[in-house]
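Colleague: The structure is given below, and queries will be raised subsequently.
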Amino acid sequence: NNIHQFVASYYTPMALDFTRHLRPLAVVYDCMDELSAFSGAPPYLTMRERELFQIADLVFTGGQSLYEAKRNQHHSVFAFPSSIDRDHFKQARTMRSEPADQENIPHPRLGFFGVVDERFDVALLDEVSRRRPDWHFVIIGPVVKIDPAILPKRENIHYLGGKSYQELPAYIAGWDVALLLFAQNESTRFISPTKTPEYLAAGKPVVSTPIRDVVHPYGQMGLVRIAKNADEFVAQVEASLEKEACGKQWLKNVDEFLATMSWDETWARMSRLIDDTLAKKTRALLARADQASRGHGVAA
């Protein structure tokens with residue numbers, strides 16, 4: 001109650017319903033996803049977002065595709081693709097001990113971690129696992145917003161459930177290939193998966209469906225293999241499993257690309273933009289106050 005000078009940062013437009021009474025110095029909309037495209041999104045979410053655009057001073061987007069979708073809706077939009085805790089995931093490169101629920105799963109192991117929801121390509125997992133029963137698929141993450149009964153059930157698919165952030169490097173360390181199993185639908189149109197650079201920081205070859213923010217830049221730079229269908233997915237995984245597929249030069253290229261992607265650097269850029277916005281607003285307020293006081297002086 002004693003805080004009078006603050007910045008309001010919104011992660012969802014729905015928060016307007018209980019914050020309209022606030023009077024912040026500035027408003028930041030941190031737009032991480034196209035939430036209106038998600039299953040179960042309230043029908044009035046788009047209307048709330050339009051309202052938030054009207055009061056926001058800054059809009060940050062969680063990727064390039066989302067930036068391109070929002071940049072014409074606001075005067076001050078900035079793209080901030082996913083950053084990572086490089087050192088945390090880099091641990092996977094040297095870890096040797098296996099988590100108990102993964103250690104007996106045969107190789108080659110193909111892994112995915114993340115929420116298993118309407119964005120997850122269930123049909124692709126089913127088809128690739130059917131074609132290659134000798135490959136084992138490790139799926140880590142909670143199942144939400146979809147019926148678990150639709151998930152394919154095969155002896156070579158292992159659903160290990162949710163794991164903590166701290167546990168993830170130990171699981172990735174035991175994979176041969178990391179997967180981005182995203183469907184091509186409205187809910188994935190603007191996503192910029194954080195797990196892409198996390199997999200790479202772990203030193204694992206990555207095969208992804210053609211998510212735009214993965215194709216550009218990761219696919220174009222040869223850091224991630226892109227596959228549009230089951231045929232291509234099988235071929236790209238086979239290529240990733242070859243001994244020299246991800247050698248020293250590939251790892252060097254990965255590390256050079258990831259070198260500028262820390263959360264500290266991302267926050268520093270965001271913080272500078274917020275500080276600049278506050279400074280401009282303060283100058284404008286002072287100018288208006290000065291103009292008003294001069295007006296009163298003339299009237300007197």
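Identifiers in the structure tokens: chain A, B, ... in order shown; residue index from 1 per chain; ligand index from 1 in order shown.
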Could I get the residues of stretch 2-103 of chain A with an atom no further than 9 Å from an atom of stretch 175-186 of chain A, each paired with its nearest atom pair and that distance in Å to one decimal, using only C-alpha atoms, sorted by chain and residue number, as CSV?

Modeller:
residue,atom,partner,partner_atom,distance
A:Glu34,CA,A:Glu186,CA,8.9
A:Ala37,CA,A:Glu186,CA,5.8
A:Phe38,CA,A:Glu186,CA,7.8

Colleague: When you look at A:Glu51 with a cut-off of 9 Å (counting only C-alpha atoms), what residues show up, excluding the ones that are within fewer than 5 positions of it in the same chain? I need them as a list in words.

Modeller: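 Near neighbours after the sequence-gap exclusion: Pro13, Leu16, Thr46 and Ala56 of chain A.
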
Colleague: Check the DSSP output for the backbone and give back, as a compact mmCIF listing (two decimals) with N, CA, C and O atoms, in the first residue's frame, the residues of stretch 212-296 of chain A in alpha helix (DSSP H).

Modeller:
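Final output, out33.txt:
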# COMPACT_ATOMS: atom_id res chain seq x y z
N ARG A 212 8.58 -21.98 -37.15
CA ARG A 212 9.24 -20.86 -37.83
C ARG A 212 10.44 -20.31 -37.07
O ARG A 212 11.50 -20.04 -37.64
N ASP A 213 10.29 -20.14 -35.74
CA ASP A 213 11.39 -19.57 -34.95
C ASP A 213 12.50 -20.57 -34.68
O ASP A 213 13.53 -20.21 -34.09
N VAL A 214 12.30 -21.83 -35.11
CA VAL A 214 13.39 -22.81 -35.05
C VAL A 214 14.09 -22.86 -36.41
O VAL A 214 15.32 -22.88 -36.49
N ALA A 230 6.91 -37.61 -41.31
CA ALA A 230 7.53 -38.80 -40.70
C ALA A 230 8.73 -39.29 -41.50
O ALA A 230 9.75 -39.70 -40.93
N ASP A 231 8.62 -39.27 -42.84
CA ASP A 231 9.75 -39.71 -43.68
C ASP A 231 10.99 -38.88 -43.39
O ASP A 231 12.09 -39.41 -43.19
N GLU A 232 10.82 -37.56 -43.39
CA GLU A 232 11.96 -36.67 -43.14
C GLU A 232 12.46 -36.80 -41.72
O GLU A 232 13.66 -36.71 -41.47
N PHE A 233 11.53 -37.01 -40.77
CA PHE A 233 11.94 -37.13 -39.37
C PHE A 233 12.84 -38.34 -39.17
O PHE A 233 13.88 -38.25 -38.52
N VAL A 234 12.45 -39.46 -39.74
CA VAL A 234 13.27 -40.67 -39.64
C VAL A 234 14.64 -40.43 -40.26
O VAL A 234 15.68 -40.77 -39.67
N ALA A 235 14.65 -39.81 -41.43
CA ALA A 235 15.92 -39.57 -42.13
C ALA A 235 16.82 -38.61 -41.33
O ALA A 235 18.04 -38.84 -41.23
N GLN A 236 16.24 -37.58 -40.76
CA GLN A 236 17.04 -36.60 -40.01
C GLN A 236 17.55 -37.17 -38.70
O GLN A 236 18.66 -36.83 -38.26
N VAL A 237 16.77 -38.02 -38.06
CA VAL A 237 17.26 -38.68 -36.84
C VAL A 237 18.40 -39.63 -37.19
O VAL A 237 19.42 -39.69 -36.50
N GLU A 238 18.23 -40.38 -38.28
CA GLU A 238 19.30 -41.29 -38.70
C GLU A 238 20.60 -40.52 -38.96
O GLU A 238 21.68 -40.94 -38.55
N ALA A 239 20.47 -39.36 -39.62
CA ALA A 239 21.65 -38.54 -39.89
C ALA A 239 22.27 -38.03 -38.59
O ALA A 239 23.49 -37.96 -38.45
N SER A 240 21.41 -37.68 -37.62
CA SER A 240 21.90 -37.17 -36.33
C SER A 240 22.62 -38.24 -35.52
O SER A 240 23.48 -37.93 -34.69
N LEU A 241 22.27 -39.50 -35.75
CA LEU A 241 22.87 -40.61 -35.00
C LEU A 241 24.22 -41.03 -35.56
O LEU A 241 24.93 -41.81 -34.91
N LYS A 248 33.17 -31.53 -33.52
CA LYS A 248 33.74 -30.37 -32.81
C LYS A 248 33.34 -29.05 -33.47
O LYS A 248 33.08 -28.07 -32.78
N GLN A 249 33.31 -29.03 -34.81
CA GLN A 249 32.98 -27.78 -35.49
C GLN A 249 31.53 -27.38 -35.22
O GLN A 249 31.22 -26.22 -34.99
N TRP A 250 30.63 -28.37 -35.26
CA TRP A 250 29.21 -28.10 -34.97
C TRP A 250 29.07 -27.56 -33.54
O TRP A 250 28.36 -26.57 -33.32
N LEU A 251 29.74 -28.19 -32.59
CA LEU A 251 29.66 -27.75 -31.20
C LEU A 251 30.26 -26.35 -31.03
O LEU A 251 29.74 -25.53 -30.26
N LYS A 252 31.31 -26.07 -31.76
CA LYS A 252 31.92 -24.72 -31.73
C LYS A 252 30.92 -23.69 -32.25
O LYS A 252 30.75 -22.62 -31.67
N ASN A 253 30.24 -24.02 -33.34
CA ASN A 253 29.23 -23.11 -33.90
C ASN A 253 28.08 -22.90 -32.93
O ASN A 253 27.57 -21.78 -32.79
N VAL A 254 27.68 -23.97 -32.26
CA VAL A 254 26.61 -23.88 -31.26
C VAL A 254 27.01 -22.92 -30.14
O VAL A 254 26.26 -22.01 -29.78
N ASP A 255 28.20 -23.12 -29.61
CA ASP A 255 28.65 -22.30 -28.48
C ASP A 255 28.81 -20.83 -28.86
O ASP A 255 28.50 -19.94 -28.07
N GLU A 256 29.28 -20.59 -30.07
CA GLU A 256 29.40 -19.21 -30.53
C GLU A 256 28.04 -18.55 -30.64
O GLU A 256 27.85 -17.38 -30.28
N PHE A 257 27.05 -19.29 -31.13
CA PHE A 257 25.70 -18.74 -31.27
C PHE A 257 25.06 -18.49 -29.90
O PHE A 257 24.40 -17.47 -29.69
N LEU A 258 25.27 -19.42 -28.97
CA LEU A 258 24.63 -19.31 -27.65
C LEU A 258 25.31 -18.29 -26.74
O LEU A 258 24.75 -17.90 -25.72
N TRP A 263 20.17 -14.98 -19.88
CA TRP A 263 19.04 -14.23 -19.31
C TRP A 263 19.52 -12.89 -18.76
O TRP A 263 18.78 -11.90 -18.79
N ASP A 264 20.75 -12.84 -18.24
CA ASP A 264 21.29 -11.58 -17.71
C ASP A 264 21.37 -10.52 -18.82
O ASP A 264 21.00 -9.36 -18.61
N GLU A 265 21.85 -10.94 -20.00
CA GLU A 265 21.96 -10.00 -21.11
C GLU A 265 20.59 -9.57 -21.60
O GLU A 265 20.37 -8.40 -21.94
N THR A 266 19.65 -10.52 -21.64
CA THR A 266 18.28 -10.20 -22.06
C THR A 266 17.66 -9.20 -21.11
O THR A 266 17.05 -8.20 -21.53
N TRP A 267 17.80 -9.46 -19.81
CA TRP A 267 17.21 -8.53 -18.84
C TRP A 267 17.87 -7.15 -18.90
O TRP A 267 17.19 -6.13 -18.77
N ALA A 268 19.17 -7.12 -19.15
CA ALA A 268 19.86 -5.83 -19.24
C ALA A 268 19.28 -4.99 -20.38
O ALA A 268 19.07 -3.78 -20.24
N ARG A 269 19.00 -5.64 -21.52
CA ARG A 269 18.40 -4.92 -22.65
C ARG A 269 16.99 -4.46 -22.32
O ARG A 269 16.61 -3.32 -22.63
N MET A 270 16.21 -5.33 -21.69
CA MET A 270 14.85 -4.94 -21.28
C MET A 270 14.89 -3.78 -20.30
O MET A 270 14.11 -2.82 -20.41
N SER A 271 15.79 -3.87 -19.34
CA SER A 271 15.89 -2.86 -18.30
C SER A 271 16.24 -1.50 -18.89
O SER A 271 15.69 -0.46 -18.46
N ARG A 272 17.14 -1.49 -19.88
CA ARG A 272 17.51 -0.22 -20.53
C ARG A 272 16.30 0.40 -21.23
O ARG A 272 16.09 1.61 -21.16
N LEU A 273 15.50 -0.43 -21.89
CA LEU A 273 14.31 0.08 -22.57
C LEU A 273 13.30 0.65 -21.57
O LEU A 273 12.69 1.69 -21.82
N ILE A 274 13.14 -0.04 -20.44
CA ILE A 274 12.22 0.45 -19.40
C ILE A 274 12.73 1.77 -18.82
O ILE A 274 11.97 2.73 -18.65
N ASP A 275 14.04 1.83 -18.53
CA ASP A 275 14.62 3.07 -17.98
C ASP A 275 14.46 4.23 -18.96
O ASP A 275 14.13 5.35 -18.56
N ASP A 276 14.70 3.96 -20.24
CA ASP A 276 14.54 5.02 -21.26
C ASP A 276 13.10 5.50 -21.33
O ASP A 276 12.84 6.70 -21.46
N THR A 277 12.17 4.57 -21.23
CA THR A 277 10.75 4.93 -21.27
C THR A 277 10.37 5.79 -20.08
O THR A 277 9.67 6.80 -20.21
N LEU A 278 10.83 5.39 -18.90
CA LEU A 278 10.55 6.17 -17.69
C LEU A 278 11.15 7.57 -17.79
O LEU A 278 10.51 8.56 -17.39
N ALA A 279 12.36 7.67 -18.32
CA ALA A 279 13.00 8.98 -18.46
C ALA A 279 12.22 9.88 -19.41
O ALA A 279 12.00 11.07 -19.12
N LYS A 280 11.74 9.33 -20.52
CA LYS A 280 10.96 10.11 -21.49
C LYS A 280 9.65 10.58 -20.87
O LYS A 280 9.23 11.73 -21.06
N LYS A 281 8.99 9.66 -20.13
CA LYS A 281 7.71 10.03 -19.52
C LYS A 281 7.91 11.09 -18.44
O LYS A 281 7.10 12.01 -18.29
N THR A 282 9.00 10.98 -17.70
CA THR A 282 9.29 11.97 -16.65
C THR A 282 9.54 13.34 -17.27
O THR A 282 9.03 14.36 -16.79
N ARG A 283 10.32 13.36 -18.35
CA ARG A 283 10.58 14.64 -19.04
C ARG A 283 9.30 15.25 -19.57
O ARG A 283 9.09 16.47 -19.48
N ALA A 284 8.41 14.41 -20.13
CA ALA A 284 7.14 14.91 -20.67
C ALA A 284 6.26 15.48 -19.56
O ALA A 284 5.62 16.53 -19.73
N LEU A 285 6.24 14.79 -18.41
CA LEU A 285 5.44 15.27 -17.27
C LEU A 285 5.96 16.61 -16.76
O LEU A 285 5.19 17.54 -16.47
N LEU A 286 7.29 16.71 -16.67
CA LEU A 286 7.89 17.96 -16.20
C LEU A 286 7.62 19.10 -17.18
O LEU A 286 7.35 20.23 -16.77
N ALA A 287 7.67 18.79 -18.47
CA ALA A 287 7.41 19.82 -19.47
C ALA A 287 5.97 20.31 -19.39
O ALA A 287 5.70 21.52 -19.48
N ARG A 288 5.03 19.36 -19.19
CA ARG A 288 3.62 19.75 -19.07
C ARG A 288 3.38 20.57 -17.81
O ARG A 288 2.63 21.55 -17.82
N ALA A 289 4.04 20.16 -16.71
CA ALA A 289 3.89 20.90 -15.46
C ALA A 289 4.45 22.31 -15.60
O ALA A 289 3.86 23.29 -15.12
N ASP A 290 5.59 22.42 -16.28
CA ASP A 290 6.20 23.74 -16.49
C ASP A 290 5.30 24.62 -17.36
O ASP A 290 5.11 25.81 -17.09
N GLN A 291 4.73 24.00 -18.39
CA GLN A 291 3.84 24.75 -19.29
C GLN A 291 2.60 25.22 -18.55
O GLN A 291 2.15 26.36 -18.72
N ALA A 292 2.07 24.33 -17.68
CA ALA A 292 0.86 24.69 -16.92
C ALA A 292 1.16 25.83 -15.96
O ALA A 292 0.36 26.75 -15.79
N SER A 293 2.32 25.77 -15.30
CA SER A 293 2.65 26.81 -14.34
C SER A 293 2.86 28.16 -15.03
O SER A 293 2.47 29.21 -14.52
N ARG A 294 3.43 28.13 -16.23
CA ARG A 294 3.59 29.38 -16.99
C ARG A 294 2.24 29.94 -17.42
O ARG A 294 2.03 31.15 -17.40
N GLY A 295 1.33 29.01 -17.74
CA GLY A 295 -0.01 29.44 -18.13
C GLY A 295 -0.72 30.13 -16.99
O GLY A 295 -1.35 31.17 -17.16
N HIS A 296 -0.58 29.57 -15.77
CA HIS A 296 -1.19 30.17 -14.59
C HIS A 296 -0.58 31.54 -14.31
O HIS A 296 -1.25 32.49 -13.90

Colleague: With only C-alpha atoms as the atoms that count, which of A:Ile211, A:Leu35, A:Val128, A:Leu52 lies nearest to A:Thr19?

Modeller: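 For A:Thr19, the nearest of the candidates is A:Leu52.
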
Colleague: Could you list, as a list in words, every residue within 10 Å of A:Thr12, counting only C-alpha atoms and ignoring same-chain residues fewer than 6 positions away?

Modeller: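 My reading of the contact set: Tyr29, Asp30, Cys31, Met32, Asp33, Leu35, Leu45, Arg48, Glu49 and Leu52 of chain A.
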
Colleague: One number please: atom CA of A:Ala227 to atom CA of A:Ala245, in Å, one decimal.

Modeller: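 So the two atoms, atom CA of A:Ala227 and atom CA of A:Ala245, lie 16.0 Å apart.
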
Colleague: DSSP on the backbone: which residues in stretch 45-262 of chain A end up as strand (DSSP E or B)? Give the answer as a count of residues only.

Modeller: 37

Colleague: With only C-alpha atoms as the basis for distance, which of A:Arg154, A:Arg71, A:Arg86, A:Lys163 is at the shortest distance from A:Gly141?

Modeller: A:Lys163

Colleague: For A:Val224, which residue out of A:Arg189, A:Pro197, A:Ser76, A:Gly247 is the nearest one, using only C-alpha atoms?

Modeller: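 The answer is A:Pro197, which sits nearest to A:Val224.
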
Colleague: Of the residues A:Pro193, A:Pro108, A:Gly174, A:Pro217, which is the one nearest to A:Gln91, using only C-alpha atoms?

Modeller: A:Gly174

Colleague: Measuring between only C-alpha atoms, which one of A:Ile172, A:Tyr218, A:Val122, A:Ser97 shows the shortest distance to A:Ala149?

Modeller: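 Ranked by minimum distance to A:Ala149, first place goes to A:Val122.
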